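**Student:** One file: model-v3.cif (mmCIF, C-alpha atoms and all ligand atoms).
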```
data_protein
loop_
_atom_site.label_atom_id
_atom_site.label_comp_id
_atom_site.auth_asym_id
_atom_site.auth_seq_id
_atom_site.Cartn_x
_atom_site.Cartn_y
_atom_site.Cartn_z
CA MET A 177 101.25 59.78 133.95
CA SER A 178 103.19 57.66 136.41
CA SER A 179 106.50 58.45 134.71
CA VAL A 180 105.97 62.20 134.94
CA PRO A 181 107.49 63.99 137.94
CA ASP A 182 104.83 65.80 139.96
CA ALA A 183 106.70 69.08 140.01
CA PHE A 184 108.53 71.13 137.41
CA PRO A 185 112.27 71.49 138.01
CA ALA A 186 113.07 74.30 140.44
CA ASN A 187 114.32 77.61 139.11
CA ASN A 188 117.29 77.01 136.79
CA ASP A 189 117.63 73.48 138.07
CA VAL A 190 117.62 70.58 135.68
CA SER A 191 118.53 67.95 138.26
CA GLY A 192 115.00 66.54 138.09
CA VAL A 193 115.72 65.66 134.51
CA SER A 194 118.42 63.07 135.20
CA SER A 195 115.92 60.71 136.83
CA LEU A 196 114.29 60.38 133.44
CA SER A 197 117.58 59.89 131.63
CA GLN A 198 117.04 56.18 131.19
CA GLN A 199 114.00 56.88 129.06
CA LEU A 200 114.97 59.78 126.88
CA GLY A 201 118.18 60.55 125.02
CA TRP A 202 117.79 64.31 125.01
CA GLN A 203 117.29 64.38 128.76
CA ARG A 204 120.41 62.30 129.30
CA GLU A 205 122.29 64.72 127.07
CA LEU A 206 120.97 67.61 129.10
CA ALA A 207 122.16 66.08 132.35
CA GLN A 208 125.70 65.92 130.90
CA SER A 209 125.87 69.64 130.15
CA ILE A 210 128.78 71.86 131.10
CA ARG A 211 128.25 73.82 134.30
CA SER A 212 131.20 76.18 134.78
CA GLY A 213 133.03 78.89 132.89
CA GLU A 214 136.40 77.29 133.68
CA GLU A 215 135.25 73.97 132.28
CA LEU A 216 133.98 75.67 129.13
CA LEU A 217 137.38 77.28 128.57
CA ARG A 218 139.25 74.06 129.32
CA ARG A 219 137.15 72.14 126.84
CA LEU A 220 138.15 74.67 124.19
CA GLY A 221 141.81 74.13 124.99
CA LEU A 222 142.04 77.28 127.13
CA ASN A 223 143.16 76.16 130.57
CA PRO A 224 142.54 79.11 132.95
CA ASP A 225 145.43 77.87 135.11
CA ASP A 226 148.10 78.25 132.46
CA LEU A 227 149.95 81.46 131.86
CA ARG A 228 149.32 81.67 128.13
CA THR A 229 145.54 81.48 128.60
CA GLN A 230 145.70 84.01 131.44
CA GLN A 231 147.48 86.43 129.11
CA MET A 232 144.89 85.83 126.39
CA LEU A 233 142.06 86.48 128.85
CA GLN A 234 143.74 89.65 130.03
CA THR A 235 144.30 90.92 126.49
CA ALA A 236 140.66 90.22 125.65
CA GLY A 237 139.56 92.00 128.86
CA ILE A 238 137.85 88.83 130.07
CA GLN A 239 137.37 88.05 133.72
CA LEU A 240 135.04 85.24 134.74
CA ALA A 241 131.97 86.06 136.84
CA ASP A 242 132.12 85.64 140.60
CA GLN A 243 130.17 83.13 142.70
CA ASP A 244 127.43 85.60 143.56
CA ILE A 245 126.45 85.90 139.89
CA LEU A 246 126.83 82.18 139.27
CA ARG A 247 124.58 81.22 142.19
CA ARG A 248 121.80 83.37 140.78
CA PHE A 249 122.30 82.37 137.15
CA PRO A 250 124.54 79.31 136.80
CA VAL A 251 126.41 78.24 133.71
CA LEU A 252 124.64 75.67 131.56
CA VAL A 253 125.82 74.64 128.09
CA PRO A 254 124.97 71.40 126.26
CA GLU A 255 127.88 69.45 124.77
CA ASN A 256 126.22 69.70 121.38
CA PHE A 257 126.42 73.50 121.49
CA LEU A 258 130.02 73.43 122.73
CA ALA A 259 130.94 71.21 119.77
CA ARG A 260 130.02 74.07 117.43
CA MET A 261 132.58 76.46 119.00
CA THR A 262 136.07 77.00 117.59
CA HIS A 263 138.85 75.47 119.65
CA GLY A 264 141.14 78.07 121.24
CA ASP A 265 139.06 81.08 120.14
CA LEU A 266 138.06 83.38 123.01
CA GLY A 267 136.09 85.52 120.60
CA ASP A 268 133.93 82.62 119.37
CA PRO A 269 130.40 84.00 118.91
CA LEU A 270 128.78 80.95 120.51
CA LEU A 271 131.15 81.02 123.49
CA ARG A 272 130.38 84.72 123.98
CA GLN A 273 126.67 83.94 124.43
CA VAL A 274 127.29 81.61 127.37
CA LEU A 275 130.59 82.57 129.05
CA PRO A 276 129.83 84.25 132.42
CA LEU A 277 131.81 87.49 132.76
CA SER A 278 132.51 89.71 135.76
CA ASP A 279 130.89 92.50 133.69
CA GLU A 280 127.56 90.95 134.74
CA SER A 281 127.97 92.40 138.22
CA LEU A 282 128.36 95.99 136.94
CA ALA A 283 125.44 98.25 137.83
CA VAL A 284 124.73 100.32 134.71
CA ASP A 285 122.22 103.18 134.57
CA GLY A 286 119.04 102.16 132.80
CA PHE A 287 119.59 98.41 133.23
CA VAL A 288 117.02 96.92 135.63
CA PRO A 289 115.83 93.43 136.69
CA ASP A 290 112.46 93.52 134.84
CA ALA A 291 113.18 95.67 131.78
CA VAL A 292 110.26 94.40 129.73
CA GLY A 293 107.47 94.88 132.27
CA ASP A 294 106.70 91.15 132.65
CA LEU A 295 105.44 91.57 136.19
CA GLU A 296 102.91 94.24 135.18
CA ALA A 297 101.64 91.96 132.42
CA ARG A 298 100.75 89.00 134.63
CA ARG A 299 97.05 88.09 134.35
CA THR A 300 97.02 84.96 136.48
CA PRO A 301 99.92 82.86 137.72
CA GLY A 302 101.63 81.49 134.62
CA VAL A 303 99.88 83.80 132.14
CA LEU A 304 101.25 87.11 130.82
CA GLN A 305 99.37 89.32 128.40
CA LYS A 306 100.78 92.37 126.73
CA TYR A 307 99.34 92.15 123.25
CA ALA A 308 95.82 91.85 121.86
CA GLY A 309 94.69 88.33 121.11
CA ARG A 310 97.74 86.49 122.38
CA VAL A 311 98.87 85.40 125.81
CA LEU A 312 102.17 84.02 126.95
CA LEU A 313 102.26 80.90 129.11
CA ILE A 314 105.26 80.59 131.44
CA ALA A 315 105.28 76.83 130.94
CA THR A 316 108.48 76.10 132.89
CA SER A 317 111.47 77.92 134.35
CA ALA A 318 113.99 75.49 132.93
CA CYS A 319 116.17 76.02 129.84
CA ALA A 320 118.72 73.76 128.16
CA ILE A 321 121.24 76.58 127.99
CA HIS A 322 121.79 79.73 130.00
CA CYS A 323 122.26 82.70 127.69
CA ARG A 324 124.05 85.42 129.58
CA TYR A 325 121.97 88.19 127.94
CA CYS A 326 118.66 86.55 128.91
CA PHE A 327 115.85 89.05 129.59
CA ARG A 328 114.19 86.74 132.12
CA ARG A 329 117.35 85.99 134.09
CA ASP A 330 115.74 87.53 137.18
CA TYR A 331 112.15 86.40 136.56
CA PRO A 332 110.40 85.15 139.75
CA TYR A 333 109.66 81.68 138.36
CA ALA A 334 109.03 80.28 141.83
CA GLU A 335 105.64 82.06 141.81
CA GLU A 336 104.45 80.28 138.65
CA PRO A 337 102.48 77.00 138.49
CA ARG A 338 104.49 73.81 138.74
CA ARG A 339 102.20 70.85 139.25
CA LEU A 340 99.67 70.09 136.55
CA GLN A 341 96.69 70.91 138.75
CA ASP A 342 98.20 74.35 139.43
CA TRP A 343 97.55 75.18 135.77
CA GLN A 344 93.76 75.06 136.15
CA PRO A 345 93.33 78.80 136.96
CA ALA A 346 95.43 79.69 133.89
CA LEU A 347 93.37 77.39 131.67
CA ASP A 348 90.13 78.81 133.11
CA GLU A 349 91.35 82.34 132.46
CA ILE A 350 92.12 81.57 128.81
CA ALA A 351 88.81 79.72 128.38
CA SER A 352 86.87 82.65 129.82
CA ASP A 353 88.23 85.22 127.35
CA SER A 354 87.22 84.64 123.75
CA SER A 355 89.48 87.45 122.54
CA ILE A 356 92.48 85.14 123.11
CA THR A 357 93.17 83.47 119.76
CA GLU A 358 96.81 82.48 120.28
CA VAL A 359 98.55 80.88 123.23
CA ILE A 360 102.33 81.18 123.24
CA PHE A 361 104.21 78.57 125.24
CA SER A 362 107.24 80.33 126.68
CA GLY A 363 109.37 80.09 129.81
CA GLY A 364 112.09 79.19 130.30
CA ASP A 365 111.85 76.83 127.39
CA PRO A 366 108.58 74.95 126.95
CA LEU A 367 110.28 72.04 125.15
CA MET A 368 112.05 71.28 128.43
CA LEU A 369 108.76 69.70 129.48
CA SER A 370 108.51 65.98 128.88
CA ASP A 371 106.35 64.95 125.94
CA SER A 372 103.61 63.68 128.25
CA ARG A 373 103.42 66.88 130.26
CA LEU A 374 103.57 69.03 127.14
CA GLN A 375 100.81 66.99 125.58
CA ILE A 376 98.52 67.30 128.61
CA LEU A 377 98.91 71.09 128.69
CA CYS A 378 98.60 71.53 124.93
CA LEU A 379 95.54 69.30 124.66
CA ALA A 380 93.84 71.21 127.46
CA ILE A 381 94.43 74.42 125.49
CA ASP A 382 93.49 72.81 122.20
CA GLN A 383 90.06 72.08 123.69
CA ILE A 384 89.35 75.79 124.14
CA PRO A 385 87.45 76.57 120.92
CA HIS A 386 88.55 80.21 120.49
CA VAL A 387 92.27 79.32 120.59
CA GLU A 388 93.22 79.20 116.90
CA ARG A 389 96.99 78.83 117.19
CA ILE A 390 99.47 77.37 119.67
CA ARG A 391 102.91 78.91 119.39
CA PHE A 392 106.13 77.59 120.94
CA HIS A 393 109.00 79.92 121.76
CA THR A 394 111.94 77.58 122.14
CA ARG A 395 115.69 77.41 121.80
CA LEU A 396 115.92 73.63 122.08
CA PRO A 397 115.97 72.78 118.35
CA ILE A 398 119.03 75.06 118.15
CA VAL A 399 120.94 74.13 121.31
CA LEU A 400 119.77 70.54 121.88
CA PRO A 401 118.65 69.25 118.47
CA SER A 402 118.06 65.73 119.82
CA ARG A 403 114.87 67.16 121.40
CA VAL A 404 113.30 67.11 117.93
CA THR A 405 112.12 63.50 117.93
CA ALA A 406 109.50 61.78 115.79
CA GLU A 407 107.29 61.66 118.91
CA LEU A 408 107.59 65.41 119.40
CA ILE A 409 106.67 66.09 115.77
CA ALA A 410 103.65 63.79 116.05
CA LEU A 411 102.60 65.64 119.20
CA LEU A 412 102.99 69.12 117.67
CA THR A 413 101.16 68.26 114.47
CA GLY A 414 98.33 66.48 116.27
CA PHE A 415 96.31 69.48 117.43
CA ARG A 416 93.16 71.04 116.06
CA ALA A 417 94.87 74.44 116.51
CA GLN A 418 97.65 75.48 114.12
CA PRO A 419 101.12 74.99 115.65
CA ILE A 420 103.77 77.65 115.05
CA MET A 421 107.34 77.47 116.27
CA VAL A 422 109.66 80.38 116.95
CA VAL A 423 113.26 79.28 117.52
CA HIS A 424 116.17 81.39 118.69
CA ALA A 425 119.56 81.37 116.93
CA ASN A 426 121.89 84.36 116.94
CA HIS A 427 124.76 83.28 114.71
CA GLY A 428 125.22 81.26 111.54
CA ASN A 429 127.69 78.93 113.29
CA GLU A 430 124.77 77.59 115.36
CA LEU A 431 123.07 76.30 112.23
CA VAL A 432 125.24 73.29 111.46
CA GLY A 433 125.12 69.52 111.82
CA ASP A 434 122.27 68.09 113.92
CA CYS A 435 120.76 71.51 114.39
CA LYS A 436 120.35 72.05 110.67
CA TYR A 437 118.81 68.62 110.36
CA ALA A 438 116.41 69.21 113.29
CA LEU A 439 115.21 72.48 111.75
CA GLN A 440 114.72 70.86 108.36
CA THR A 441 112.77 68.05 109.98
CA LEU A 442 110.44 70.52 111.70
CA VAL A 443 109.92 72.55 108.54
CA ARG A 444 109.28 69.47 106.39
CA SER A 445 106.72 68.20 108.86
CA GLY A 446 104.69 71.28 107.93
CA ILE A 447 105.14 73.40 111.06
CA PRO A 448 105.87 77.05 110.23
CA VAL A 449 109.23 77.83 111.86
CA LEU A 450 110.40 81.40 112.45
CA ASN A 451 113.57 82.66 114.13
CA GLN A 452 114.12 85.44 116.60
CA ALA A 453 117.62 86.70 117.32
CA VAL A 454 118.99 89.31 119.68
CA LEU A 455 121.48 91.90 118.42
CA LEU A 456 124.53 91.20 120.60
CA ALA A 457 127.91 92.96 120.76
CA GLY A 458 130.72 90.55 119.97
CA VAL A 459 128.28 87.93 118.65
CA ASN A 460 126.38 89.18 115.61
CA ASP A 461 126.92 92.95 115.37
CA SER A 462 128.31 92.93 111.83
CA VAL A 463 126.51 92.75 108.51
CA GLU A 464 128.55 89.64 107.60
CA ALA A 465 127.42 87.79 110.75
CA LEU A 466 123.77 88.75 110.26
CA GLU A 467 123.90 87.78 106.60
CA ALA A 468 125.36 84.35 107.45
CA LEU A 469 122.68 83.86 110.11
CA CYS A 470 119.79 84.77 107.83
CA ARG A 471 121.12 82.74 104.90
CA GLY A 472 121.63 79.75 107.17
CA LEU A 473 118.00 80.09 108.29
CA ILE A 474 116.33 80.47 104.91
CA ASN A 475 118.45 77.65 103.49
CA VAL A 476 116.67 75.27 105.87
CA GLY A 477 113.29 76.91 105.39
CA VAL A 478 113.25 78.92 108.64
CA MET A 479 112.02 82.50 108.26
CA PRO A 480 113.95 85.30 110.01
CA TYR A 481 111.23 86.99 112.07
CA TYR A 482 112.63 89.42 114.61
CA LEU A 483 116.03 90.89 115.40
CA HIS A 484 115.57 92.23 118.93
CA GLN A 485 117.29 95.26 120.32
CA LEU A 486 118.68 94.01 123.66
CA ASP A 487 116.29 94.40 126.58
CA ARG A 488 118.03 96.48 129.22
CA VAL A 489 118.19 93.82 131.92
CA SER A 490 120.69 94.13 134.80
CA GLY A 491 123.98 92.39 134.08
CA THR A 492 123.68 92.51 130.27
CA ALA A 493 124.98 96.01 129.42
CA HIS A 494 128.17 94.66 127.83
CA PHE A 495 126.03 93.04 125.11
CA GLU A 496 124.31 96.25 124.03
CA VAL A 497 124.73 97.58 120.49
CA ASN A 498 123.32 101.06 119.98
CA ARG A 499 120.07 101.31 118.04
CA GLU A 500 121.45 103.54 115.31
CA ARG A 501 124.11 100.92 114.57
CA GLY A 502 121.35 98.28 114.54
CA ARG A 503 119.36 100.29 112.00
CA GLN A 504 122.42 100.63 109.76
CA LEU A 505 123.07 96.90 109.94
CA ILE A 506 119.49 96.07 108.92
CA GLN A 507 119.68 98.54 106.02
CA GLN A 508 122.92 96.97 104.82
CA LEU A 509 121.44 93.52 105.23
CA ALA A 510 118.49 94.49 103.05
CA THR A 511 120.88 95.26 100.18
CA ARG A 512 122.33 91.74 100.36
CA LEU A 513 119.37 89.40 100.84
CA PRO A 514 115.88 88.70 99.48
CA GLY A 515 113.23 90.75 101.26
CA TYR A 516 111.81 87.75 103.10
CA ALA A 517 115.21 86.99 104.64
CA VAL A 518 115.51 90.34 106.43
CA PRO A 519 114.16 90.23 110.00
CA ARG A 520 112.20 93.10 111.55
CA PHE A 521 114.37 95.08 113.94
CA VAL A 522 112.23 95.54 117.05
CA GLN A 523 112.23 96.38 120.70
CA GLU A 524 109.94 95.43 123.51
CA ILE A 525 108.73 98.69 125.06
CA PRO A 526 106.50 98.18 128.12
CA GLY A 527 103.00 99.56 127.60
CA GLU A 528 103.08 99.53 123.77
CA PRO A 529 100.36 97.52 121.95
CA ASN A 530 102.93 95.56 119.92
CA LYS A 531 106.67 95.15 119.55
CA THR A 532 108.02 98.49 118.41
CA ALA A 533 109.73 98.67 114.99
CA LEU A 534 112.99 100.57 115.22
C1 LIG B 601 106.98 89.27 122.06
C2 LIG B 601 105.85 88.89 122.88
C3 LIG B 601 104.72 88.29 122.30
C4 LIG B 601 104.63 87.93 120.84
O1 LIG B 601 104.61 89.05 120.04
P1 LIG B 601 104.45 88.85 118.48
O2 LIG B 601 104.67 90.21 117.93
O3 LIG B 601 103.07 88.30 118.27
O4 LIG B 601 105.48 87.87 118.05
C5 LIG B 601 103.64 88.02 123.10
N1 LIG B 601 103.64 88.28 124.43
C6 LIG B 601 104.70 88.86 125.01
C7 LIG B 601 104.63 89.14 126.47
C8 LIG B 601 105.84 89.18 124.27
O5 LIG B 601 106.90 89.73 124.88
S1 LIG B 602 116.97 79.92 126.12
FE1 LIG B 602 115.78 81.83 126.16
S2 LIG B 602 114.83 81.91 128.20
FE2 LIG B 602 116.49 80.36 128.26
S3 LIG B 602 118.32 81.47 129.00
FE3 LIG B 602 118.36 81.54 126.74
S4 LIG B 602 117.33 83.47 126.20
FE4 LIG B 602 116.79 83.00 128.35
#
```
As structure tokens, how would this structure be written, given the file I've shared?

**Tutor:**
Amino acid sequence: MSSVPDAFPANNDVSGVSSLSQQLGWQRELAQSIRSGEELLRRLGLNPDDLRTQQMLQTAGIQLADQDILRRFPVLVPENFLARMTHGDLGDPLLRQVLPLSDESLAVDGFVPDAVGDLEARRTPGVLQKYAGRVLLIATSACAIHCRYCFRRDYPYAEEPRRLQDWQPALDEIASDSSITEVIFSGGDPLMLSDSRLQILCLAIDQIPHVERIRFHTRLPIVLPSRVTAELIALLTGFRAQPIMVVHANHGNELVGDCKYALQTLVRSGIPVLNQAVLLAGVNDSVEALEALCRGLINVGVMPYYLHQLDRVSGTAHFEVNRERGRQLIQQLATRLPGYAVPRFVQEIPGEPNKTAL
């Protein structure tokens, strides 16, 4: 316990992580992440100060986000993710997920801060419930990457538990309701917690007899594959409850190198691993891109689970693909792949008893 900080990192702040960098490789890697749009471009050989790049940006209609946006939702991209982007390509589908654009400050009708009704669904601090039998635990506000289309980019994380003892009301709430059979660790990204903190929380939940499954919604195996250590696997496979992992990759180019290996390691350790993706303009809105994504997943044993229609969160309108186009893409995909490789195309509609099939 003595090596565990007594508070979770503040909203979108991973500075607390660097103090642990001596102990853990993935945390050191995290501390070295890229933190500005200009730096991202420079690292891809696109210097925003030179005329040629400026012309390319102009032609592509790209203007970087202003300080107001960046203060609220800073840039954060691990080196490992950057290494999977194509040098000199402004249209790179991985770059597009993380490059902050001035479009984020456009107010667009229908796009609101809490599009998915998270605030209505809060049962106790740290616990959201929308669906029968399963609750979502907001385990931390921190992520290893900041995806510009994120549906929780405006979530009031500061109101959620931080210190371990603050979790007691959430644990009591879950223990008192025997209809809860699955606890989903979410966030933020729950694998941003240190192993010791994760273990304490998971074991407390594992002791609640009616909890049959513990699910982890995480992007870390994709964006920071070094997080998948032997210690983590031992932790995740050491519960009475069945662990399930849902990762988040949007494009086949993410599934290379260390990431592929990390996913294979998880799958071969016996943890069911599913993927959820978001349908994103300029990233994966073609049948070729979706096919490459789904093939990349099944070839490492990860099952495509959901393809989400974008949640209409303020600042993300430029990522939206219309639903009809989404339906066509899924139909075309079904003609190219085995049935198990085709994700369900869904949307989160507040007040519905489950994710809505489109
Ligand atoms: C998506 C979601 C879940 C999980 O839904 P499944 O259909 O079981 O994958 C649970 N809680 C919330 C709040 C969600 O948004
Ligand atoms: S990893 Fe998930 S929660 Fe974190 S910024 Fe990306 S989409 Fe949002």

**Student:** Near Leu295 in chain A, within 10 Å and counting only C-alpha atoms, which residues show up once chain neighbours fewer than 6 positions away are dropped, as a PyMOL selection string?

**Tutor:** chain A and resi 304+331-332

**Student:** With the cut-off set at 10 Å and counting all atoms listed in the file, tabulate each residue of range 268-346 of chain A with an atom at most that distance from an atom of range 488-509 of chain A, showing the nearest atom pair and its distance in Å to one decimal, ordered by chain and increasing number, as CSV.

**Tutor:**
```
residue,atom,partner,partner_atom,distance
A:Arg272,CA,A:Phe495,CA,9.5
A:Gln273,CA,A:Phe495,CA,9.1
A:Leu277,CA,A:Gly491,CA,9.3
A:Ser278,CA,A:Gly491,CA,9.1
A:Asp279,CA,A:His494,CA,6.8
A:Glu280,CA,A:Gly491,CA,3.9
A:Ser281,CA,A:Gly491,CA,5.7
A:Leu282,CA,A:Gly491,CA,6.4
A:Ala283,CA,A:Ser490,CA,7.0
A:Val284,CA,A:Ala493,CA,6.8
A:Asp285,CA,A:Ser490,CA,9.2
A:Gly286,CA,A:Arg488,CA,6.8
A:Phe287,CA,A:Ser490,CA,4.7
A:Val288,CA,A:Ser490,CA,4.7
A:Pro289,CA,A:Ser490,CA,5.3
A:Asp290,CA,A:Val489,CA,6.4
A:Ala291,CA,A:Val489,CA,5.3
A:Val292,CA,A:Arg488,CA,8.1
A:Arg324,CA,A:Thr492,CA,7.1
A:Tyr325,CA,A:Thr492,CA,5.2
A:Cys326,CA,A:Val489,CA,7.9
A:Phe327,CA,A:Val489,CA,5.8
A:Arg328,CA,A:Val489,CA,8.1
A:Arg329,CA,A:Val489,CA,8.2
A:Asp330,CA,A:Val489,CA,8.6
```

**Student:** When you draw a straight line from CA of Arg211 in chain A to CA of Cys323 in chain A, how long is it in Å?

**Tutor:**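 Between these atoms lies a distance of 12.6 Å.
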
**Student:** Return as a PDB file with C-alpha atoms, keeping the file's coordinate frame every polymer residue, whether protein, DNA or RNA, with at least one atom no more than 6 Å from an atom of ligand LIG 601 (chain B); count all atoms listed in the file.

**Tutor:**
```pdb
ATOM      1  CA  LEU A 304     101.250  87.110 130.820  1.00  0.00           C
ATOM      2  CA  GLN A 305      99.370  89.320 128.400  1.00  0.00           C
ATOM      3  CA  LYS A 306     100.780  92.370 126.730  1.00  0.00           C
ATOM      4  CA  TYR A 307      99.340  92.150 123.250  1.00  0.00           C
ATOM      5  CA  VAL A 311      98.870  85.400 125.810  1.00  0.00           C
ATOM      6  CA  LEU A 312     102.170  84.020 126.950  1.00  0.00           C
ATOM      7  CA  ASN A 530     102.930  95.560 119.920  1.00  0.00           C
ATOM      8  CA  LYS A 531     106.670  95.150 119.550  1.00  0.00           C
TER       9      LYS A 531
END
```

**Student:** Given the point (121.5, 90.9, 122.3) in the file's coordinates, find the residues that have an atom at most 7 Å from it, counting all atoms listed in the file, and give them as a PyMOL selection string.

**Tutor:** chain A and resi 325+454-457+484-486+495-496

**Student:** Do you know which residues are within 10 Å of ligand LIG 602 (chain B) using only C-alpha atoms and all ligand atoms? Can you write them as a CSV table (one decimal) with C-alpha atoms, in the frame of the given file?

**Tutor:**
```csv
chain,number,residue,atom,x,y,z
A,188,ASN,CA,117.3,77.0,136.8
A,249,PHE,CA,122.3,82.4,137.2
A,251,VAL,CA,126.4,78.2,133.7
A,252,LEU,CA,124.6,75.7,131.6
A,273,GLN,CA,126.7,83.9,124.4
A,274,VAL,CA,127.3,81.6,127.4
A,316,THR,CA,108.5,76.1,132.9
A,317,SER,CA,111.5,77.9,134.4
A,318,ALA,CA,114.0,75.5,132.9
A,319,CYS,CA,116.2,76.0,129.8
A,320,ALA,CA,118.7,73.8,128.2
A,321,ILE,CA,121.2,76.6,128.0
A,322,HIS,CA,121.8,79.7,130.0
A,323,CYS,CA,122.3,82.7,127.7
A,324,ARG,CA,124.0,85.4,129.6
A,325,TYR,CA,122.0,88.2,127.9
A,326,CYS,CA,118.7,86.6,128.9
A,327,PHE,CA,115.8,89.0,129.6
A,328,ARG,CA,114.2,86.7,132.1
A,329,ARG,CA,117.4,86.0,134.1
A,330,ASP,CA,115.7,87.5,137.2
A,331,TYR,CA,112.2,86.4,136.6
A,362,SER,CA,107.2,80.3,126.7
A,363,GLY,CA,109.4,80.1,129.8
A,364,GLY,CA,112.1,79.2,130.3
A,365,ASP,CA,111.8,76.8,127.4
A,366,PRO,CA,108.6,75.0,127.0
A,393,HIS,CA,109.0,79.9,121.8
A,394,THR,CA,111.9,77.6,122.1
A,395,ARG,CA,115.7,77.4,121.8
A,396,LEU,CA,115.9,73.6,122.1
A,398,ILE,CA,119.0,75.1,118.2
A,399,VAL,CA,120.9,74.1,121.3
A,423,VAL,CA,113.3,79.3,117.5
A,424,HIS,CA,116.2,81.4,118.7
A,425,ALA,CA,119.6,81.4,116.9
A,453,ALA,CA,117.6,86.7,117.3
A,454,VAL,CA,119.0,89.3,119.7
```

**Student:** I'd like to know which of A:Arg520, A:Arg471, A:His427, A:Arg416 is closest to Arg260 in chain A, using all atoms listed in the file.

**Tutor:**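 For Arg260 in chain A, the nearest of the given residues is A:His427.
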
**Student:** Got a moment to write range 363-380 of chain A out with N, CA and C atoms, as a short mmCIF file (atom, residue, chain, number, x, y, z; two decimals), in the first residue's frame?

**Tutor:**
```cif
data_model
loop_
_atom_site.label_atom_id
_atom_site.label_comp_id
_atom_site.auth_asym_id
_atom_site.auth_seq_id
_atom_site.Cartn_x
_atom_site.Cartn_y
_atom_site.Cartn_z
N GLY A 363 -14.34 4.33 -17.11
CA GLY A 363 -13.64 5.56 -16.69
C GLY A 363 -13.94 6.68 -17.65
N GLY A 364 -12.93 7.31 -18.13
CA GLY A 364 -11.52 7.02 -18.04
C GLY A 364 -11.19 5.58 -18.45
N ASP A 365 -10.00 5.19 -18.11
CA ASP A 365 -9.56 3.85 -18.44
C ASP A 365 -9.10 3.14 -17.17
N PRO A 366 -9.82 2.07 -16.77
CA PRO A 366 -9.53 1.45 -15.48
C PRO A 366 -8.12 0.85 -15.39
N LEU A 367 -7.51 0.53 -16.55
CA LEU A 367 -6.15 -0.02 -16.47
C LEU A 367 -5.11 1.07 -16.25
N MET A 368 -5.55 2.33 -16.12
CA MET A 368 -4.64 3.39 -15.69
C MET A 368 -4.35 3.27 -14.20
N LEU A 369 -5.18 2.55 -13.48
CA LEU A 369 -4.90 2.32 -12.06
C LEU A 369 -3.67 1.42 -11.95
N SER A 370 -2.91 1.63 -10.89
CA SER A 370 -1.78 0.74 -10.64
C SER A 370 -2.31 -0.65 -10.32
N ASP A 371 -1.48 -1.66 -10.49
CA ASP A 371 -1.91 -3.03 -10.19
C ASP A 371 -2.45 -3.14 -8.77
N SER A 372 -1.76 -2.50 -7.82
CA SER A 372 -2.18 -2.69 -6.42
C SER A 372 -3.56 -2.07 -6.17
N ARG A 373 -3.78 -0.91 -6.74
CA ARG A 373 -5.07 -0.27 -6.54
C ARG A 373 -6.20 -1.04 -7.26
N LEU A 374 -5.88 -1.49 -8.46
CA LEU A 374 -6.85 -2.27 -9.23
C LEU A 374 -7.21 -3.54 -8.47
N GLN A 375 -6.19 -4.17 -7.90
CA GLN A 375 -6.42 -5.41 -7.18
C GLN A 375 -7.31 -5.19 -5.95
N ILE A 376 -7.04 -4.12 -5.22
CA ILE A 376 -7.84 -3.85 -4.02
C ILE A 376 -9.31 -3.67 -4.39
N LEU A 377 -9.56 -2.87 -5.44
CA LEU A 377 -10.95 -2.62 -5.85
C LEU A 377 -11.61 -3.89 -6.38
N CYS A 378 -10.89 -4.62 -7.23
CA CYS A 378 -11.46 -5.83 -7.83
C CYS A 378 -11.73 -6.89 -6.76
N LEU A 379 -10.81 -7.04 -5.82
CA LEU A 379 -11.02 -8.07 -4.80
C LEU A 379 -12.21 -7.72 -3.92
N ALA A 380 -12.38 -6.43 -3.66
CA ALA A 380 -13.54 -6.02 -2.85
C ALA A 380 -14.83 -6.40 -3.59
#
```
